[in-house]
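Participant: Pasting a structure below so you can have a look.
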Amino acid sequence: MLNVSHAFGDDTVVSGVSVFVEPGELVCLLGPSGCGKTTLLRLAAGLEDLQVGRITIGEDTVADGQGGKQMPPEKRNVGLMFQDFALFPHLTVYENIVFGLSEKDKARRAWARETLSTMGLGGYADAFPHTLSGGQQQRVALLRALAPAPRVLLLDEPFSGLDVNRRAQIRQDTFQILSRSGIATLMVTHDPEEAMFMADRILVMQNGRIIQSGTPVDIYFRPQSAFVAELFGPVNRLDCRVENGALDSALGRFPANDLAEGTEAQVLIRPEALSLSQSTTEGDILLTVLTARSLGRSTHLTLGLKDDGAGPLFNARMPGVFLPEIGSQVSARVAPESVLIFPKSDA
């Protein structure tokens with residue numbers, strides 16, 4: 001997709017976006033609802049006519065906003081999986097998967113039977129969709145999208161309808177299937193954990209534009225704006241001013257990096273970057289425990305600078321069980337490399 005723009009009436013929802021996906025690569029469009037990511041997917045599939053820009057698959061141009069070319073969806077050799085799965089209720093599982101295949105395509109029909117078994121659905125080939133669980137329906141929808149051996153696979157919020165426990169397993173199964181397929185895959189999600197797990201590259205969208213592109217590790221640890229940082233969950237936000245090349249905050253003194261003297265800045269610290277200890281020594285930053293809730297794998301705490309909870313509050317996430325008494329004081333430390341600093345105008 002090259003320099004693609006799209007509007008619905010006077011509302012521009014995609015503006016000058018370019019997306020490239022290599023064979024065997026999974027690229028994720030990540031952003032909040034309304035940022036334009038699903039519209040991009042629909043343009044790639046041919047479900048919306050391209051207004052500006054060009055879309056190519058391999059060396060073939062399938063849509064050109066300048067020349068007016070709009071190849072119909074069924075001619076693009078694109079697999080599309082909707083978030084509601086859109087299975088045909090009157091067809092069996094096997095019939096759903098091979099729906100778009102020719103009767104003569106014996107090889108792909110054999111692939112469908114074989115892959116049903118490897119996905120743990122061999123005994124459901126003749127069942128109807130309404131008898132399947134949500135996770136089973138998701139796998140059937142994925143296999144239907146892959147059955148014609150498309151050049152590109154488009155996934156629209158593929159795990160959004162699944163419960164938390166089932167989502168983790170289905171996500172793993174989907175990742176393994178796509179890794180073996182070698183198909184170029186473009187996925188849309190608003191869930192940062194899904195993007196981190198599934199993607200080779202993440203494209204972060206805001207207001208119809210791509211504002212950052214990179215590997216999951218790059219995007220998470222080196223966000224280029226407060227908006228990108230906060231996509232991955234809540235942060236502790238501290239307002240500061242650069243003085244003598246540093247930022248003094250309630251959680252410590254941090255280098256100002258390249259910010260000019262006197263710049264109004266915001267220091268962002270993720271809850272897991274706040275390290276707590278019940279052992280305190282002179283000079284430690286002390287915080288009062290206001291709440292502490294164990295979730296098994298981790299403990300979430302709310303902390304304040306004052307015993308009564310007045311003033312700024314901070315959130316921390318400690319691994320395992322860490323349950324100091326409510327009202328007690330703990331020492332807090334922040335590793336400088338975990339601190340994210342942005343000019344206040346970027347927040």
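Naming scheme: A, B, ... for chains in displayed order of the structure tokens; residues 1 onward per chain; ligands 1 onward as shown.
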Residues of segment 161-344 of chain A classed as strand (DSSP E) by DSSP on the backbone are to be reported as an MDAnalysis selection string.

Facilitator: chainID A and resid 184:189 201:206 209:214 236:243 246:249 252:255 264:269 274:277 285:294 298:304 313:319 329:334 340:343

Participant: Contacts of segment 263-276 of chain A at 6 Å or less, counting only C-alpha atoms, minus same-chain residues fewer than 4 places along, as a PyMOL selection string?

Facilitator: chain A and resi 235-242+315-317+331-334+339-344

Participant: If you keep N, CA and C atoms, can you produce a file of those selected residues as a PDB file, in the first residue's frame?

Facilitator:
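Contents of the output file result20.pdb:
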ATOM      1  N   VAL A 235       0.556   4.324  32.899  1.00  0.00           N
ATOM      2  CA  VAL A 235       1.882   4.766  33.309  1.00  0.00           C
ATOM      3  C   VAL A 235       1.747   5.750  34.458  1.00  0.00           C
ATOM      4  N   ASN A 236       2.818   5.884  35.215  1.00  0.00           N
ATOM      5  CA  ASN A 236       2.915   6.947  36.204  1.00  0.00           C
ATOM      6  C   ASN A 236       3.460   8.182  35.498  1.00  0.00           C
ATOM      7  N   ARG A 237       2.740   9.282  35.598  1.00  0.00           N
ATOM      8  CA  ARG A 237       3.077  10.496  34.861  1.00  0.00           C
ATOM      9  C   ARG A 237       3.478  11.598  35.848  1.00  0.00           C
ATOM     10  N   LEU A 238       4.655  12.178  35.605  1.00  0.00           N
ATOM     11  CA  LEU A 238       5.174  13.221  36.469  1.00  0.00           C
ATOM     12  C   LEU A 238       5.519  14.443  35.630  1.00  0.00           C
ATOM     13  N   ASP A 239       5.000  15.594  36.019  1.00  0.00           N
ATOM     14  CA  ASP A 239       5.318  16.850  35.333  1.00  0.00           C
ATOM     15  C   ASP A 239       6.590  17.444  35.924  1.00  0.00           C
ATOM     16  N   CYS A 240       7.524  17.802  35.042  1.00  0.00           N
ATOM     17  CA  CYS A 240       8.815  18.326  35.490  1.00  0.00           C
ATOM     18  C   CYS A 240       9.269  19.448  34.560  1.00  0.00           C
ATOM     19  N   ARG A 241      10.317  20.147  34.995  1.00  0.00           N
ATOM     20  CA  ARG A 241      10.974  21.159  34.168  1.00  0.00           C
ATOM     21  C   ARG A 241      12.478  20.863  34.157  1.00  0.00           C
ATOM     22  N   VAL A 242      13.085  21.002  32.982  1.00  0.00           N
ATOM     23  CA  VAL A 242      14.522  20.763  32.881  1.00  0.00           C
ATOM     24  C   VAL A 242      15.279  21.882  33.584  1.00  0.00           C
ATOM     25  N   ASN A 315       1.248   3.837  40.716  1.00  0.00           N
ATOM     26  CA  ASN A 315       0.917   2.422  40.562  1.00  0.00           C
ATOM     27  C   ASN A 315       2.188   1.632  40.353  1.00  0.00           C
ATOM     28  N   ALA A 316       2.276   0.486  41.021  1.00  0.00           N
ATOM     29  CA  ALA A 316       3.430  -0.398  40.861  1.00  0.00           C
ATOM     30  C   ALA A 316       2.944  -1.818  40.651  1.00  0.00           C
ATOM     31  N   ARG A 317       3.737  -2.584  39.928  1.00  0.00           N
ATOM     32  CA  ARG A 317       3.430  -4.008  39.710  1.00  0.00           C
ATOM     33  C   ARG A 317       4.688  -4.809  40.028  1.00  0.00           C
ATOM     34  N   SER A 331      10.370   1.453  50.289  1.00  0.00           N
ATOM     35  CA  SER A 331      11.296   2.261  49.504  1.00  0.00           C
ATOM     36  C   SER A 331      11.051   1.999  48.027  1.00  0.00           C
ATOM     37  N   ALA A 332      11.242   3.028  47.217  1.00  0.00           N
ATOM     38  CA  ALA A 332      10.977   2.933  45.783  1.00  0.00           C
ATOM     39  C   ALA A 332      12.208   3.350  44.984  1.00  0.00           C
ATOM     40  N   ARG A 333      12.501   2.583  43.969  1.00  0.00           N
ATOM     41  CA  ARG A 333      13.607   2.908  43.081  1.00  0.00           C
ATOM     42  C   ARG A 333      13.147   2.733  41.640  1.00  0.00           C
ATOM     43  N   VAL A 334      13.722   3.547  40.777  1.00  0.00           N
ATOM     44  CA  VAL A 334      13.425   3.472  39.345  1.00  0.00           C
ATOM     45  C   VAL A 334      14.741   3.410  38.584  1.00  0.00           C
ATOM     46  N   VAL A 339      12.951   4.864  32.348  1.00  0.00           N
ATOM     47  CA  VAL A 339      12.201   6.116  32.373  1.00  0.00           C
ATOM     48  C   VAL A 339      12.000   6.630  30.949  1.00  0.00           C
ATOM     49  N   LEU A 340      10.775   7.051  30.652  1.00  0.00           N
ATOM     50  CA  LEU A 340      10.437   7.612  29.343  1.00  0.00           C
ATOM     51  C   LEU A 340      10.178   9.102  29.518  1.00  0.00           C
ATOM     52  N   ILE A 341      10.864   9.920  28.737  1.00  0.00           N
ATOM     53  CA  ILE A 341      10.783  11.371  28.897  1.00  0.00           C
ATOM     54  C   ILE A 341      10.376  12.017  27.582  1.00  0.00           C
ATOM     55  N   PHE A 342       9.371  12.884  27.651  1.00  0.00           N
ATOM     56  CA  PHE A 342       8.880  13.571  26.457  1.00  0.00           C
ATOM     57  C   PHE A 342       8.595  15.031  26.787  1.00  0.00           C
ATOM     58  N   PRO A 343       8.768  15.902  25.796  1.00  0.00           N
ATOM     59  CA  PRO A 343       8.304  17.286  26.001  1.00  0.00           C
ATOM     60  C   PRO A 343       6.810  17.270  26.295  1.00  0.00           C
ATOM     61  N   LYS A 344       6.368  18.176  27.140  1.00  0.00           N
ATOM     62  CA  LYS A 344       4.963  18.179  27.530  1.00  0.00           C
ATOM     63  C   LYS A 344       4.046  18.375  26.331  1.00  0.00           C
TER      64      LYS A 344
END

Participant: Measuring between only C-alpha atoms, which one of A:Gln51, A:Ser160, A:Ser5, A:Asn257 shows the shortest distance to Gly67 of chain A?

Facilitator: A:Gln51

Participant: Can you tell me which residues surround Asp64 of chain A at a distance of at most 12 Å, considering only C-alpha atoms, apart from same-chain residues fewer than 3 positions away, and format the answer as a ChimeraX atom specification?

Facilitator: /A:1-5,43-44,46,49-56,60-61,67-71

Participant: Which residues are close to Thr185 of chain A, i.e. within 9 Å by only C-alpha atoms, leaving aside same-chain residues fewer than 2 positions away? Reply as a ChimeraX atom specification.

Facilitator: /A:21-28,151-155,178,182-183,187

Participant: May I have the selected residues written with C-alpha atoms, as a PDB file, in the first residue's frame?

Facilitator:
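Saved the output as result.pdb:
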ATOM      1  CA  VAL A  21       4.467  -6.664   4.139  1.00  0.00           C
ATOM      2  CA  GLU A  22       7.029  -9.247   3.015  1.00  0.00           C
ATOM      3  CA  PRO A  23       6.135 -12.916   2.329  1.00  0.00           C
ATOM      4  CA  GLY A  24       6.193 -14.795   5.629  1.00  0.00           C
ATOM      5  CA  GLU A  25       6.020 -11.566   7.640  1.00  0.00           C
ATOM      6  CA  LEU A  26       3.230 -10.610  10.048  1.00  0.00           C
ATOM      7  CA  VAL A  27       2.682  -6.866  10.369  1.00  0.00           C
ATOM      8  CA  CYS A  28       0.234  -5.535  12.938  1.00  0.00           C
ATOM      9  CA  ARG A 151      -0.837 -14.380  -1.366  1.00  0.00           C
ATOM     10  CA  VAL A 152      -1.913 -12.112   1.498  1.00  0.00           C
ATOM     11  CA  LEU A 153      -3.891 -12.832   4.657  1.00  0.00           C
ATOM     12  CA  LEU A 154      -5.862 -10.040   6.355  1.00  0.00           C
ATOM     13  CA  LEU A 155      -6.961 -10.499   9.989  1.00  0.00           C
ATOM     14  CA  LEU A 178       0.943 -18.619  10.053  1.00  0.00           C
ATOM     15  CA  GLY A 182       4.871 -18.305   4.779  1.00  0.00           C
ATOM     16  CA  ILE A 183       2.016 -15.969   3.794  1.00  0.00           C
ATOM     17  CA  MET A 187      -3.422  -7.951  11.230  1.00  0.00           C
TER      18      MET A 187
END

Participant: Could you tell me which of A:Lys106, A:Asp191, A:Thr92, A:Ala149 comes closest to Ala125 of chain A if we count only C-alpha atoms?

Facilitator: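 Of A:Lys106, A:Asp191, A:Thr92, A:Ala149, the one nearest Ala125 of chain A is A:Thr92, counting only C-alpha atoms.
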
Participant: Using DSSP assignments from the backbone, pull out every residue in segment 157-271 of chain A that falls under helix (DSSP H, G or I) and give it to me as a ChimeraX atom specification.

Facilitator: /A:164-181,192-198,216-221,226-231,271

Participant: Near Ser277 of chain A, within 12 Å and counting only C-alpha atoms, which residues show up once chain neighbours fewer than 4 positions away are dropped, as a PDB file with N, CA and C atoms, in the first residue's frame?

Facilitator:
ATOM      1  N   THR A 281      16.421   2.399  53.938  1.00  0.00           N
ATOM      2  CA  THR A 281      17.620   3.009  54.501  1.00  0.00           C
ATOM      3  C   THR A 281      17.524   4.515  54.321  1.00  0.00           C
ATOM      4  N   ASP A 284      16.427   6.867  51.080  1.00  0.00           N
ATOM      5  CA  ASP A 284      15.506   6.214  50.145  1.00  0.00           C
ATOM      6  C   ASP A 284      14.291   7.101  49.881  1.00  0.00           C
ATOM      7  N   ILE A 285      13.686   6.925  48.701  1.00  0.00           N
ATOM      8  CA  ILE A 285      12.381   7.529  48.431  1.00  0.00           C
ATOM      9  C   ILE A 285      11.333   6.631  49.076  1.00  0.00           C
ATOM     10  N   LEU A 286      10.564   7.188  50.000  1.00  0.00           N
ATOM     11  CA  LEU A 286       9.577   6.401  50.740  1.00  0.00           C
ATOM     12  C   LEU A 286       8.167   6.711  50.252  1.00  0.00           C
ATOM     13  N   LEU A 287       7.406   5.650  50.006  1.00  0.00           N
ATOM     14  CA  LEU A 287       6.015   5.773  49.591  1.00  0.00           C
ATOM     15  C   LEU A 287       5.139   4.990  50.556  1.00  0.00           C
ATOM     16  N   THR A 288       3.923   5.464  50.761  1.00  0.00           N
ATOM     17  CA  THR A 288       2.978   4.802  51.656  1.00  0.00           C
ATOM     18  C   THR A 288       2.077   3.867  50.858  1.00  0.00           C
ATOM     19  N   VAL A 289       1.921   2.650  51.352  1.00  0.00           N
ATOM     20  CA  VAL A 289       1.082   1.654  50.679  1.00  0.00           C
ATOM     21  C   VAL A 289      -0.386   1.975  50.955  1.00  0.00           C
ATOM     22  N   ALA A 316       2.276   0.486  41.021  1.00  0.00           N
ATOM     23  CA  ALA A 316       3.430  -0.398  40.861  1.00  0.00           C
ATOM     24  C   ALA A 316       2.944  -1.818  40.651  1.00  0.00           C
ATOM     25  N   MET A 318       4.606  -5.596  41.076  1.00  0.00           N
ATOM     26  CA  MET A 318       5.737  -6.403  41.527  1.00  0.00           C
ATOM     27  C   MET A 318       5.497  -7.872  41.172  1.00  0.00           C
ATOM     28  N   PHE A 322       3.718  -9.776  46.853  1.00  0.00           N
ATOM     29  CA  PHE A 322       4.389  -8.710  47.607  1.00  0.00           C
ATOM     30  C   PHE A 322       3.287  -7.905  48.277  1.00  0.00           C
ATOM     31  N   LEU A 323       3.026  -8.203  49.565  1.00  0.00           N
ATOM     32  CA  LEU A 323       1.855  -7.641  50.239  1.00  0.00           C
ATOM     33  C   LEU A 323       2.254  -6.971  51.552  1.00  0.00           C
ATOM     34  N   PRO A 324       2.894  -5.822  51.473  1.00  0.00           N
ATOM     35  CA  PRO A 324       3.163  -5.068  52.696  1.00  0.00           C
ATOM     36  C   PRO A 324       1.865  -4.583  53.320  1.00  0.00           C
ATOM     37  N   SER A 328       1.828   1.041  55.640  1.00  0.00           N
ATOM     38  CA  SER A 328       3.270   0.962  55.873  1.00  0.00           C
ATOM     39  C   SER A 328       4.020   1.680  54.766  1.00  0.00           C
ATOM     40  N   GLN A 329       5.302   1.916  55.000  1.00  0.00           N
ATOM     41  CA  GLN A 329       6.126   2.587  54.008  1.00  0.00           C
ATOM     42  C   GLN A 329       7.078   1.596  53.345  1.00  0.00           C
ATOM     43  N   VAL A 330       7.274   1.789  52.051  1.00  0.00           N
ATOM     44  CA  VAL A 330       8.220   0.987  51.287  1.00  0.00           C
ATOM     45  C   VAL A 330       9.161   1.944  50.559  1.00  0.00           C
ATOM     46  N   SER A 331      10.370   1.453  50.289  1.00  0.00           N
ATOM     47  CA  SER A 331      11.296   2.261  49.504  1.00  0.00           C
ATOM     48  C   SER A 331      11.051   1.999  48.027  1.00  0.00           C
ATOM     49  N   ALA A 332      11.242   3.028  47.217  1.00  0.00           N
ATOM     50  CA  ALA A 332      10.977   2.933  45.783  1.00  0.00           C
ATOM     51  C   ALA A 332      12.208   3.350  44.984  1.00  0.00           C
ATOM     52  N   ARG A 333      12.501   2.583  43.969  1.00  0.00           N
ATOM     53  CA  ARG A 333      13.607   2.908  43.081  1.00  0.00           C
ATOM     54  C   ARG A 333      13.147   2.733  41.640  1.00  0.00           C
ATOM     55  N   VAL A 334      13.722   3.547  40.777  1.00  0.00           N
ATOM     56  CA  VAL A 334      13.425   3.472  39.345  1.00  0.00           C
ATOM     57  C   VAL A 334      14.741   3.410  38.584  1.00  0.00           C
TER      58      VAL A 334
END

Participant: Considering only C-alpha atoms, can you say which of A:Leu146, A:Lys37, A:Gly135, A:Gly311 comes closest to Gly79 of chain A?

Facilitator: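 Result for the nearest residue to Gly79 of chain A: A:Leu146.
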
Participant: What's the 12 Å shell around Arg109 of chain A, counting only C-alpha atoms, without same-chain residues fewer than 2 positions away, as JSON, numbers by chain?

Facilitator: {"A": [94, 95, 96, 97, 98, 99, 100, 101, 102, 103, 104, 105, 106, 107, 111, 112, 113, 114, 115, 116, 143, 144, 146, 147, 148, 149]}

Participant: Hey, can you check how far atom CA of Arg201 of chain A sits from atom CA of Gly65 of chain A?

Facilitator: 26.5 Å

Participant: Could you work out how far atom CA of Ile57 of chain A lies from atom CA of Ile210 of chain A, giving the answer in Å with one decimal?

Facilitator: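 Atom CA of Ile57 of chain A lies 20.4 Å from atom CA of Ile210 of chain A.
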
Participant: Choose the residue, out of A:Asp258, A:Asp84, A:Glu193, A:Glu337, that has the smallest atom-to-atom separation from Phe232 of chain A; count only C-alpha atoms.

Facilitator: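 Selected residue with least distance to Phe232 of chain A: A:Glu193.
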